[in-house]
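Okay, input.cif now, which holds mmCIF, C-alpha atoms:
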```
data_run
#
loop_
_atom_site.label_atom_id
_atom_site.label_comp_id
_atom_site.auth_asym_id
_atom_site.auth_seq_id
_atom_site.Cartn_x
_atom_site.Cartn_y
_atom_site.Cartn_z
CA MET A 1 67.88 -1.87 -5.54
CA ASN A 2 69.01 -3.15 -2.15
CA ARG A 3 68.93 -6.77 -3.35
CA SER A 4 70.96 -5.98 -6.50
CA LEU A 5 73.51 -4.19 -4.36
CA ALA A 6 73.74 -7.21 -2.11
CA TYR A 7 74.35 -9.43 -5.17
CA LEU A 8 77.15 -7.10 -6.18
CA ALA A 9 78.58 -6.85 -2.70
CA VAL A 10 79.09 -10.61 -2.21
CA PRO A 11 81.49 -11.20 -5.14
CA CYS A 12 83.25 -7.93 -4.31
CA ILE A 13 83.90 -9.01 -0.74
CA ILE A 14 85.13 -12.39 -1.95
CA THR A 15 87.49 -10.63 -4.38
CA ILE A 16 88.83 -8.44 -1.60
CA LEU A 17 89.42 -11.44 0.63
CA VAL A 18 91.23 -13.26 -2.18
CA PHE A 19 93.52 -10.28 -2.72
CA LEU A 20 94.18 -9.95 0.97
CA ALA A 21 95.13 -13.63 1.16
CA ALA A 22 97.34 -13.55 -1.94
CA PRO A 23 101.06 -14.19 -1.37
CA GLY A 24 102.03 -10.69 -2.34
CA CYS A 25 99.82 -9.05 0.19
CA PRO A 26 101.32 -7.83 3.44
CA PHE A 27 98.59 -9.56 5.43
CA ALA A 28 98.98 -12.91 3.75
CA GLY A 29 100.29 -16.12 5.19
CA GLU A 30 101.15 -14.96 8.69
CA ALA A 31 99.29 -17.89 10.18
CA SER A 32 101.38 -20.36 8.21
CA ARG A 33 104.72 -18.83 9.11
CA ARG A 34 105.45 -21.22 11.94
CA SER A 35 105.32 -24.21 9.60
CA ASP A 36 109.01 -23.86 8.76
CA THR A 37 110.10 -23.97 12.34
CA LEU A 38 112.29 -26.94 12.98
CA PRO A 39 110.79 -29.97 14.60
CA THR A 40 112.35 -30.57 17.98
CA ALA A 41 113.54 -34.04 17.13
CA GLY A 42 112.90 -36.39 19.99
CA GLN A 43 110.16 -34.40 21.71
CA GLU A 44 107.63 -36.36 19.70
CA ILE A 45 109.33 -39.71 20.30
CA PRO A 46 106.96 -41.84 22.33
CA ASP A 47 108.07 -44.01 25.24
CA TRP A 48 107.62 -47.25 23.30
CA MET A 49 110.12 -46.04 20.70
CA ALA A 50 112.67 -45.15 23.38
CA ARG A 51 112.11 -48.58 24.96
CA TRP A 52 112.69 -50.27 21.61
CA GLU A 53 115.99 -48.41 21.24
CA LEU A 54 116.89 -49.36 24.81
CA ALA A 55 116.17 -53.04 24.09
CA ARG A 56 118.46 -52.89 21.05
CA VAL A 57 121.28 -51.18 22.92
CA LEU A 58 121.02 -53.74 25.72
CA SER A 59 121.44 -56.49 23.14
CA TYR A 60 124.45 -54.71 21.58
CA ALA A 61 125.96 -54.54 25.07
CA GLY A 62 125.45 -58.28 25.47
CA ARG A 63 122.93 -57.76 28.28
CA HIS A 64 120.53 -60.21 26.70
CA GLU A 65 118.37 -60.94 29.73
CA GLU A 66 117.58 -57.23 30.22
CA SER A 67 117.10 -56.82 26.48
CA VAL A 68 114.50 -59.60 26.43
CA THR A 69 112.68 -57.97 29.36
CA GLU A 70 112.52 -54.66 27.49
CA TYR A 71 111.38 -56.34 24.25
CA ARG A 72 108.62 -58.13 26.19
CA LYS A 73 107.48 -54.84 27.78
CA LEU A 74 107.52 -53.20 24.36
CA LEU A 75 105.51 -55.98 22.72
CA LYS A 76 102.99 -55.93 25.54
CA GLU A 77 102.38 -52.27 24.75
CA ARG A 78 102.76 -52.57 20.98
CA PRO A 79 102.01 -56.14 19.82
CA ASP A 80 101.83 -54.87 16.23
CA LEU A 81 105.60 -54.64 15.73
CA PRO A 82 106.80 -57.71 13.78
CA LYS A 83 110.30 -56.26 13.49
CA ALA A 84 110.58 -56.09 17.28
CA ARG A 85 109.42 -59.72 17.50
CA ILE A 86 112.13 -60.77 15.06
CA GLU A 87 114.75 -58.88 17.06
CA LEU A 88 113.51 -60.51 20.28
CA ALA A 89 113.77 -63.94 18.63
CA LYS A 90 117.38 -63.20 17.66
CA VAL A 91 118.27 -62.18 21.22
CA LEU A 92 116.62 -65.35 22.55
CA PHE A 93 118.62 -67.37 20.03
CA TRP A 94 121.86 -65.76 21.24
CA GLN A 95 120.77 -66.72 24.75
CA LYS A 96 120.54 -70.30 23.47
CA LYS A 97 116.79 -70.31 24.08
CA ALA A 98 116.02 -71.85 20.71
CA GLY A 99 112.54 -73.04 21.64
CA GLU A 100 111.44 -69.61 22.82
CA ALA A 101 113.04 -67.95 19.79
CA LEU A 102 111.14 -70.25 17.46
CA ALA A 103 107.88 -69.65 19.32
CA VAL A 104 108.35 -65.90 18.90
CA LEU A 105 109.17 -66.25 15.19
CA GLU A 106 106.15 -68.49 14.65
CA GLY A 107 104.02 -65.59 15.90
CA VAL A 108 105.24 -63.36 13.08
CA ASP A 109 103.40 -63.25 9.77
CA ALA A 110 105.64 -65.13 7.31
CA ARG A 111 105.43 -62.22 4.85
CA GLN A 112 106.99 -59.94 7.45
CA LEU A 113 110.07 -62.10 7.97
CA ASP A 114 113.29 -60.68 6.61
CA VAL A 115 115.82 -62.91 4.89
CA ASP A 116 117.95 -63.36 8.03
CA SER A 117 114.91 -64.37 10.05
CA VAL A 118 114.00 -66.96 7.42
CA LEU A 119 117.45 -68.53 7.82
CA LEU A 120 117.25 -68.33 11.61
CA MET A 121 113.89 -70.07 11.53
CA ALA A 122 115.22 -72.73 9.14
CA ASP A 123 118.19 -73.38 11.44
CA LEU A 124 115.93 -73.56 14.49
CA TYR A 125 113.61 -76.08 12.79
CA ARG A 126 116.67 -78.08 11.68
CA ASP A 127 118.00 -78.16 15.24
CA ARG A 128 114.62 -79.43 16.44
CA LYS A 129 114.66 -82.06 13.66
CA SER A 130 111.57 -80.49 12.03
CA TYR A 131 113.17 -81.04 8.63
CA ASP A 132 109.97 -80.79 6.66
CA ARG A 133 109.48 -77.27 7.99
CA ALA A 134 113.12 -76.29 7.62
CA ALA A 135 113.50 -77.38 3.98
CA PRO A 136 111.16 -74.82 2.33
CA LEU A 137 112.68 -72.06 4.46
CA TYR A 138 116.21 -73.00 3.37
CA ARG A 139 115.05 -73.03 -0.25
CA GLU A 140 113.45 -69.61 0.18
CA TYR A 141 116.59 -68.25 1.82
CA LEU A 142 119.02 -69.73 -0.71
CA GLY A 143 116.85 -68.41 -3.52
CA LYS A 144 117.55 -64.92 -2.17
CA ARG A 145 121.15 -65.51 -1.09
CA PRO A 146 122.55 -68.23 -3.34
CA GLY A 147 126.12 -67.43 -2.34
CA ASP A 148 125.71 -68.32 1.33
CA ASN A 149 127.65 -71.57 1.28
CA PRO A 150 127.62 -72.24 5.06
CA ALA A 151 123.78 -72.11 4.97
CA ARG A 152 123.73 -74.30 1.86
CA LEU A 153 126.01 -76.79 3.62
CA ARG A 154 123.62 -77.00 6.58
CA PHE A 155 120.78 -77.57 4.14
CA ALA A 156 122.76 -80.25 2.25
CA GLU A 157 123.59 -82.03 5.50
CA MET A 158 119.95 -81.92 6.56
CA LEU A 159 118.82 -83.41 3.25
CA SER A 160 121.34 -86.23 3.64
CA TRP A 161 120.02 -87.00 7.15
CA GLU A 162 116.59 -87.21 5.58
CA LYS A 163 118.05 -89.70 3.05
CA GLN A 164 117.23 -87.32 0.22
CA TYR A 165 120.63 -88.09 -1.25
CA ASP A 166 120.14 -86.81 -4.78
CA GLN A 167 118.95 -83.42 -3.57
CA SER A 168 121.71 -83.31 -0.97
CA LEU A 169 124.38 -84.16 -3.56
CA ALA A 170 123.04 -81.44 -5.84
CA GLU A 171 123.49 -78.89 -3.05
CA TYR A 172 127.00 -80.19 -2.32
CA ARG A 173 127.91 -79.83 -5.97
CA LYS A 174 126.85 -76.19 -5.90
CA ILE A 175 129.05 -75.59 -2.86
CA LEU A 176 132.01 -77.38 -4.43
CA ALA A 177 131.58 -75.41 -7.64
CA ALA A 178 132.11 -72.26 -5.54
CA LEU A 179 134.71 -73.79 -3.19
CA PRO A 180 136.52 -76.51 -5.14
CA GLY A 181 139.44 -76.57 -2.72
CA ASP A 182 137.35 -77.10 0.41
CA VAL A 183 138.51 -80.52 1.59
CA GLN A 184 136.01 -80.81 4.46
CA VAL A 185 133.02 -80.16 2.19
CA ARG A 186 134.37 -82.66 -0.38
CA ARG A 187 134.73 -85.32 2.33
CA LYS A 188 131.16 -84.74 3.45
CA TYR A 189 130.10 -84.95 -0.19
CA ALA A 190 131.96 -88.26 -0.47
CA MET A 191 130.15 -89.57 2.61
CA VAL A 192 126.77 -88.79 1.05
CA LEU A 193 127.91 -90.55 -2.13
CA MET A 194 128.74 -93.60 -0.01
CA TRP A 195 125.36 -93.51 1.75
CA SER A 196 123.73 -93.45 -1.67
CA LYS A 197 125.85 -96.51 -2.59
CA ARG A 198 127.88 -94.67 -5.25
CA TYR A 199 131.10 -96.10 -3.92
CA GLY A 200 133.24 -95.54 -6.99
CA GLU A 201 132.45 -91.82 -7.10
CA ALA A 202 132.92 -91.59 -3.34
CA ALA A 203 136.36 -93.15 -3.58
CA ALA A 204 137.35 -90.76 -6.35
CA GLU A 205 136.22 -87.75 -4.29
CA LEU A 206 138.06 -89.00 -1.20
CA ARG A 207 141.16 -89.53 -3.26
CA ARG A 208 140.98 -85.90 -4.38
CA THR A 209 141.01 -84.80 -0.77
CA LEU A 210 144.27 -86.65 -0.16
CA LYS A 211 146.24 -84.93 -2.89
CA MET B 1 75.09 4.12 -5.15
CA LYS B 2 77.25 5.08 -2.18
CA VAL B 3 77.66 1.41 -1.32
CA LEU B 4 78.88 0.68 -4.84
CA TYR B 5 81.48 3.45 -4.63
CA PHE B 6 82.55 2.14 -1.28
CA ILE B 7 83.03 -1.40 -2.61
CA ILE B 8 84.94 -0.22 -5.66
CA SER B 9 87.16 1.91 -3.41
CA ILE B 10 87.93 -1.07 -1.25
CA ILE B 11 88.83 -3.20 -4.30
CA ILE B 12 91.12 -0.47 -5.62
CA LEU B 13 92.70 -0.16 -2.19
CA ALA B 14 93.34 -3.92 -2.00
CA LEU B 15 94.82 -3.98 -5.50
CA ALA B 16 96.99 -0.95 -4.81
CA THR B 17 98.22 -2.38 -1.53
CA THR B 18 99.09 -5.71 -3.13
CA ALA B 19 100.80 -4.10 -6.10
CA SER B 20 102.86 -1.73 -3.98
CA TYR B 21 103.77 -4.56 -1.66
CA ARG B 22 105.00 -6.63 -4.58
CA TYR B 23 107.10 -3.68 -5.75
CA LEU B 24 108.46 -2.55 -2.39
CA LYS B 25 108.82 -5.86 -0.52
CA GLN B 26 110.44 -8.14 -3.05
CA ASP B 27 112.52 -9.89 -0.41
CA TRP B 28 109.40 -10.77 1.49
CA LEU B 29 107.91 -12.22 -1.66
CA LEU B 30 111.04 -14.28 -2.26
CA TYR B 31 110.95 -15.49 1.31
CA ARG B 32 107.31 -16.52 0.98
CA THR B 33 108.15 -18.31 -2.26
CA ALA B 34 110.93 -20.18 -0.47
CA GLU B 35 108.51 -21.10 2.30
CA ASP B 36 105.99 -22.42 -0.21
CA LEU B 37 108.69 -24.42 -2.00
CA SER B 38 109.88 -25.90 1.29
CA ARG B 39 106.33 -26.96 2.11
CA ARG B 40 106.32 -28.81 -1.21
CA GLY B 41 109.72 -30.37 -0.46
CA ALA B 42 111.51 -28.60 -3.33
CA TRP B 43 114.63 -28.09 -1.18
CA GLN B 44 117.06 -27.56 -4.04
CA GLN B 45 114.99 -24.64 -5.26
CA VAL B 46 114.80 -23.13 -1.78
CA ILE B 47 118.58 -23.04 -1.33
CA PRO B 48 119.50 -20.30 -3.88
CA ILE B 49 116.61 -18.11 -2.74
CA CYS B 50 117.51 -18.36 0.94
CA ASP B 51 121.20 -18.03 0.15
CA ALA B 52 120.54 -14.75 -1.65
CA LEU B 53 118.26 -13.51 1.12
CA ALA B 54 120.75 -14.46 3.82
CA GLY B 55 123.45 -12.64 1.85
CA LYS B 56 121.30 -9.50 1.94
CA GLY B 57 120.70 -9.96 5.65
CA PHE B 58 116.96 -10.31 5.19
CA ARG B 59 115.38 -11.72 8.38
CA PRO B 60 118.58 -13.63 9.12
CA THR B 61 117.11 -15.93 11.76
CA ASP B 62 114.27 -17.22 9.60
CA THR B 63 116.27 -17.27 6.38
CA LEU B 64 119.28 -19.09 7.85
CA ARG B 65 117.00 -21.57 9.56
CA LEU B 66 115.22 -22.33 6.31
CA LEU B 67 118.54 -22.41 4.44
CA GLY B 68 120.04 -24.85 6.95
CA LYS B 69 116.99 -27.05 6.87
CA SER B 70 117.00 -27.04 3.06
CA TYR B 71 120.67 -28.06 2.91
CA ALA B 72 120.02 -30.80 5.47
CA GLU B 73 117.02 -32.11 3.56
CA ALA B 74 119.01 -31.98 0.32
CA GLY B 75 121.74 -34.05 2.00
CA ASP B 76 124.46 -31.37 2.10
CA LEU B 77 125.27 -31.65 5.78
CA THR B 78 128.42 -29.51 5.65
CA MET B 79 126.51 -26.53 4.27
CA ALA B 80 123.64 -27.19 6.68
CA ILE B 81 126.09 -27.06 9.58
CA GLU B 82 127.52 -23.82 8.21
CA ALA B 83 124.06 -22.23 8.03
CA PHE B 84 123.06 -23.37 11.50
CA GLY B 85 126.48 -22.31 12.79
CA LYS B 86 125.81 -18.76 11.57
CA LEU B 87 122.37 -18.97 13.14
CA ALA B 88 123.91 -20.03 16.45
CA THR B 89 126.21 -17.01 16.28
CA ILE B 90 123.26 -14.70 15.76
CA ASN B 91 121.13 -16.41 18.42
CA PRO B 92 123.49 -17.72 21.05
CA GLY B 93 121.81 -20.05 23.49
CA ASP B 94 118.90 -20.97 21.20
CA ALA B 95 118.21 -24.56 22.26
CA GLY B 96 116.45 -25.42 18.99
CA VAL B 97 119.44 -24.34 16.93
CA GLU B 98 121.91 -26.17 19.17
CA LEU B 99 119.77 -29.29 18.99
CA GLU B 100 119.67 -29.08 15.23
CA LEU B 101 123.43 -28.57 15.02
CA ALA B 102 124.07 -31.56 17.28
CA GLY B 103 121.76 -33.69 15.14
CA LEU B 104 123.62 -32.63 12.01
CA TYR B 105 127.02 -33.53 13.53
CA ASP B 106 125.55 -36.88 14.53
CA ARG B 107 124.29 -37.49 10.99
CA GLN B 108 127.69 -36.48 9.64
CA GLY B 109 129.31 -39.16 11.80
CA ASP B 110 130.91 -36.83 14.36
CA HIS B 111 129.13 -38.56 17.23
CA ALA B 112 131.59 -37.35 19.87
CA ARG B 113 130.97 -33.71 19.02
CA ALA B 114 127.23 -34.33 18.88
CA ALA B 115 127.34 -36.01 22.30
CA ASP B 116 129.21 -33.04 23.76
CA MET B 117 126.63 -30.64 22.35
CA TYR B 118 123.72 -32.69 23.66
CA ARG B 119 125.39 -32.86 27.05
CA THR B 120 125.86 -29.07 27.15
CA LEU B 121 122.25 -28.60 26.17
CA LEU B 122 121.09 -31.01 28.87
CA ALA B 123 123.13 -29.17 31.47
CA LYS B 124 121.15 -26.04 30.60
CA GLU B 125 117.81 -27.82 30.17
CA PRO B 126 117.79 -31.08 32.15
CA GLY B 127 114.24 -31.88 31.05
CA ASN B 128 114.95 -31.60 27.32
CA ARG B 129 113.81 -35.02 26.10
CA ALA B 130 115.04 -34.42 22.56
CA ALA B 131 118.55 -33.67 23.80
CA ALA B 132 118.46 -36.69 26.13
CA LEU B 133 117.43 -38.98 23.31
CA GLY B 134 120.00 -37.46 20.97
CA LEU B 135 122.70 -38.05 23.57
CA ALA B 136 121.59 -41.67 24.09
CA ARG B 137 121.74 -42.27 20.33
CA ALA B 138 125.13 -40.57 19.96
CA LEU B 139 126.53 -42.66 22.83
CA THR B 140 125.16 -45.80 21.14
CA ALA B 141 126.89 -44.80 17.92
CA LEU B 142 130.10 -44.34 19.94
CA ARG B 143 129.57 -47.87 21.35
CA ARG B 144 129.39 -46.45 24.85
CA TYR B 145 126.48 -48.74 25.51
CA ASP B 146 126.41 -48.62 29.30
CA GLU B 147 126.16 -44.83 29.30
CA ALA B 148 123.54 -44.96 26.56
CA ILE B 149 121.48 -47.45 28.56
CA LEU B 150 121.51 -45.14 31.58
CA ARG B 151 120.32 -42.30 29.38
CA TYR B 152 117.50 -44.37 27.88
CA ARG B 153 116.39 -45.49 31.33
CA ALA B 154 116.35 -41.84 32.45
CA ILE B 155 114.22 -40.91 29.43
CA LEU B 156 111.76 -43.64 30.39
CA GLY B 157 111.75 -42.40 33.98
CA GLU B 158 113.30 -45.62 35.26
CA LYS B 159 116.00 -46.01 37.84
CA PRO B 160 119.20 -47.62 36.58
#
```
Could I get this file's structure written as structure tokens?
Amino acid sequence: MNRSLAYLAVPCIITILVFLAAPGCPFAGEASRRSDTLPTAGQEIPDWMARWELARVLSYAGRHEESVTEYRKLLKERPDLPKARIELAKVLFWQKKAGEALAVLEGVDARQLDVDSVLLMADLYRDRKSYDRAAPLYREYLGKRPGDNPARLRFAEMLSWEKQYDQSLAEYRKILAALPGDVQVRRKYAMVLMWSKRYGEAAAELRRTLK
Amino acid sequence: MKVLYFIISIIILALATTASYRYLKQDWLLYRTAEDLSRRGAWQQVIPICDALAGKGFRPTDTLRLLGKSYAEAGDLTMAIEAFGKLATINPGDAGVELELAGLYDRQGDHARAADMYRTLLAKEPGNRAAALGLARALTALRRYDEAILRYRAILGEKP
């Protein structure tokens, strides 16, 4: 008798507990009531996040040296922040420390690079005459931003320095299709035509710039 | 047999309590529903419930807070500011509400007003890190970089 009562009592107690916990019950949900309290934004912001913001603001203010110091402190504490590395590289570039900027960018996983960083890296390799490294980066960048004619011009110039005239001319033609009235670009195009010994075409292009 | 009667009595009591509660405390039920919806992120569904409850004056602090948060999460900053503004009137000096209001003004693009609010809050609570960070961000948005830098350095416990 006692055992059968115990068997009955267990489901009954569970039922009671379920009812007491149901949303309609006056005793329900008190423990969860604080969940809708507002987060005190900022209280949970760790120091490294504040330092990152400080590094950015220092760069906006043109205080690049201090900004670099803060980025370096940040990356010492949190080396797993590729975005911070990219930002540091940009500040170093503005400081005209191209070598250091490139070294920082080379430490970033290529898949993490944003489109602007790809162009920055391409320009930095171009400036260091590492054309073989710059070329694929320019292609990647121009594939994503085909309308960036200044970047395409830098790429076209680089190809011509490498004596890859046909590829260079193809890039120049794309620029001239977008900017047919740009005399300076057409003159550069004519120069590449001359270097590739296409004198007749070069003369015709130069003539167009004199009209 | 007595035990059985006792258990059945308890079940009946629980059922009766729940049923009467559902009948008598409908506003509470609505509020709990709104809470559950907010936990699930269904902010648009929370708004009409909290709006109705706030209109009835049901637990104005909690309801207006949830209403303001719901508007903010749903992207209606003007209505969120209105709700938190009412809340600030009910609870003057509540740092959490003032902080939330300042954040909403900042999000709305009124960085100057937000900065003033953060500054007032910091005058009352100099150690309020959230207010200090909010002020630094608002000053950055206002392009008052030198002031913002000082604020960030203070947050990090560094001397300028």
Given the file shown, determine the residues that the PyMOL selection byres ((chain B) within 9 of (chain A)) selects; report them as JSON, numbers by chain. {"B": [1, 3, 4, 7, 8, 10, 11, 14, 15, 17, 18, 19, 20, 21, 22, 25, 26, 28, 29, 32, 33, 35, 38, 39, 62, 65, 66, 69, 96, 97, 99, 100, 103, 128, 129, 130, 131, 132, 133, 134, 137, 140, 143, 144, 145, 146, 148, 149, 152, 153, 155, 156]}
Resolved residues for the PyMOL selection byres ((chain A and resi 85-98) around 12) as a ChimeraX atom specification: /A:52-53,55-76,78-84,99-110,112-128
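Running the PyMOL selection byres ((chain B and resi 88) around 12) on this file leaves Pro60, Thr61, Leu64, Arg65, Gly68, Ile81, Glu82, Ala83, Phe84, Gly85, Lys86, Leu87, Thr89, Ile90, Asn91, Pro92, Gly93, Asp94, Ala95, Gly96, Val97, Glu98, Leu99, Glu100, Leu101 and Ala102 of chain B selected.
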Just the selected residues (C-alpha atoms), exported as a JSON list (two decimals), in the coordinates of the input, please.
```
[["chain", "number", "residue", "atom", "x", "y", "z"],
["B", 60, "PRO", "CA", 118.58, -13.63, 9.12],
["B", 61, "THR", "CA", 117.11, -15.93, 11.76],
["B", 64, "LEU", "CA", 119.28, -19.09, 7.85],
["B", 65, "ARG", "CA", 117.00, -21.57, 9.56],
["B", 68, "GLY", "CA", 120.04, -24.85, 6.95],
["B", 81, "ILE", "CA", 126.09, -27.06, 9.58],
["B", 82, "GLU", "CA", 127.52, -23.82, 8.21],
["B", 83, "ALA", "CA", 124.06, -22.23, 8.03],
["B", 84, "PHE", "CA", 123.06, -23.37, 11.50],
["B", 85, "GLY", "CA", 126.48, -22.31, 12.79],
["B", 86, "LYS", "CA", 125.81, -18.76, 11.57],
["B", 87, "LEU", "CA", 122.37, -18.97, 13.14],
["B", 89, "THR", "CA", 126.21, -17.01, 16.28],
["B", 90, "ILE", "CA", 123.26, -14.70, 15.76],
["B", 91, "ASN", "CA", 121.13, -16.41, 18.42],
["B", 92, "PRO", "CA", 123.49, -17.72, 21.05],
["B", 93, "GLY", "CA", 121.81, -20.05, 23.49],
["B", 94, "ASP", "CA", 118.90, -20.97, 21.20],
["B", 95, "ALA", "CA", 118.21, -24.56, 22.26],
["B", 96, "GLY", "CA", 116.45, -25.42, 18.99],
["B", 97, "VAL", "CA", 119.44, -24.34, 16.93],
["B", 98, "GLU", "CA", 121.91, -26.17, 19.17],
["B", 99, "LEU", "CA", 119.77, -29.29, 18.99],
["B", 100, "GLU", "CA", 119.67, -29.08, 15.23],
["B", 101, "LEU", "CA", 123.43, -28.57, 15.02],
["B", 102, "ALA", "CA", 124.07, -31.56, 17.28]]
```
note - CA of Arg139 (chain A) and CA of Ala190 (chain A) are separated by 22.8 Å
Might you pull out every residue within 10 Å of Ala34 (chain B), with all atoms listed in the file counted and same-chain residues fewer than 3 positions away left off, and present them as a PyMOL selection string? chain B and resi 28-31+37-40+42-43+45-50+63+66-67+70
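You will find CA of Ala74 (chain B) at 16.4 Å from CA of Asp106 (chain B).
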Could you pull the residues within 7 Å of region 146-162 of chain A, counting all atoms listed in the file, minus those fewer than 2 positions along the same chain, as number ranges by chain? A: 138, 142-144, 164-165, 167-168, 171-172, 175, 192
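From CA of Gly127 (chain B) back to CA of Leu104 (chain B), the distance works out to 21.2 Å.
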Calculated over all atoms listed in the file, which of the candidates B:Leu53, B:Gly109, B:Ser9, B:Lys2 has the smallest distance to Ala141 (chain B)? B:Gly109
Skipping near chain neighbours, those fewer than 6 positions away, what residues fall within 12 Å of Lys211 (chain A) using only C-alpha atoms, listed as a ChimeraX atom specification? /A:181,183,204-205
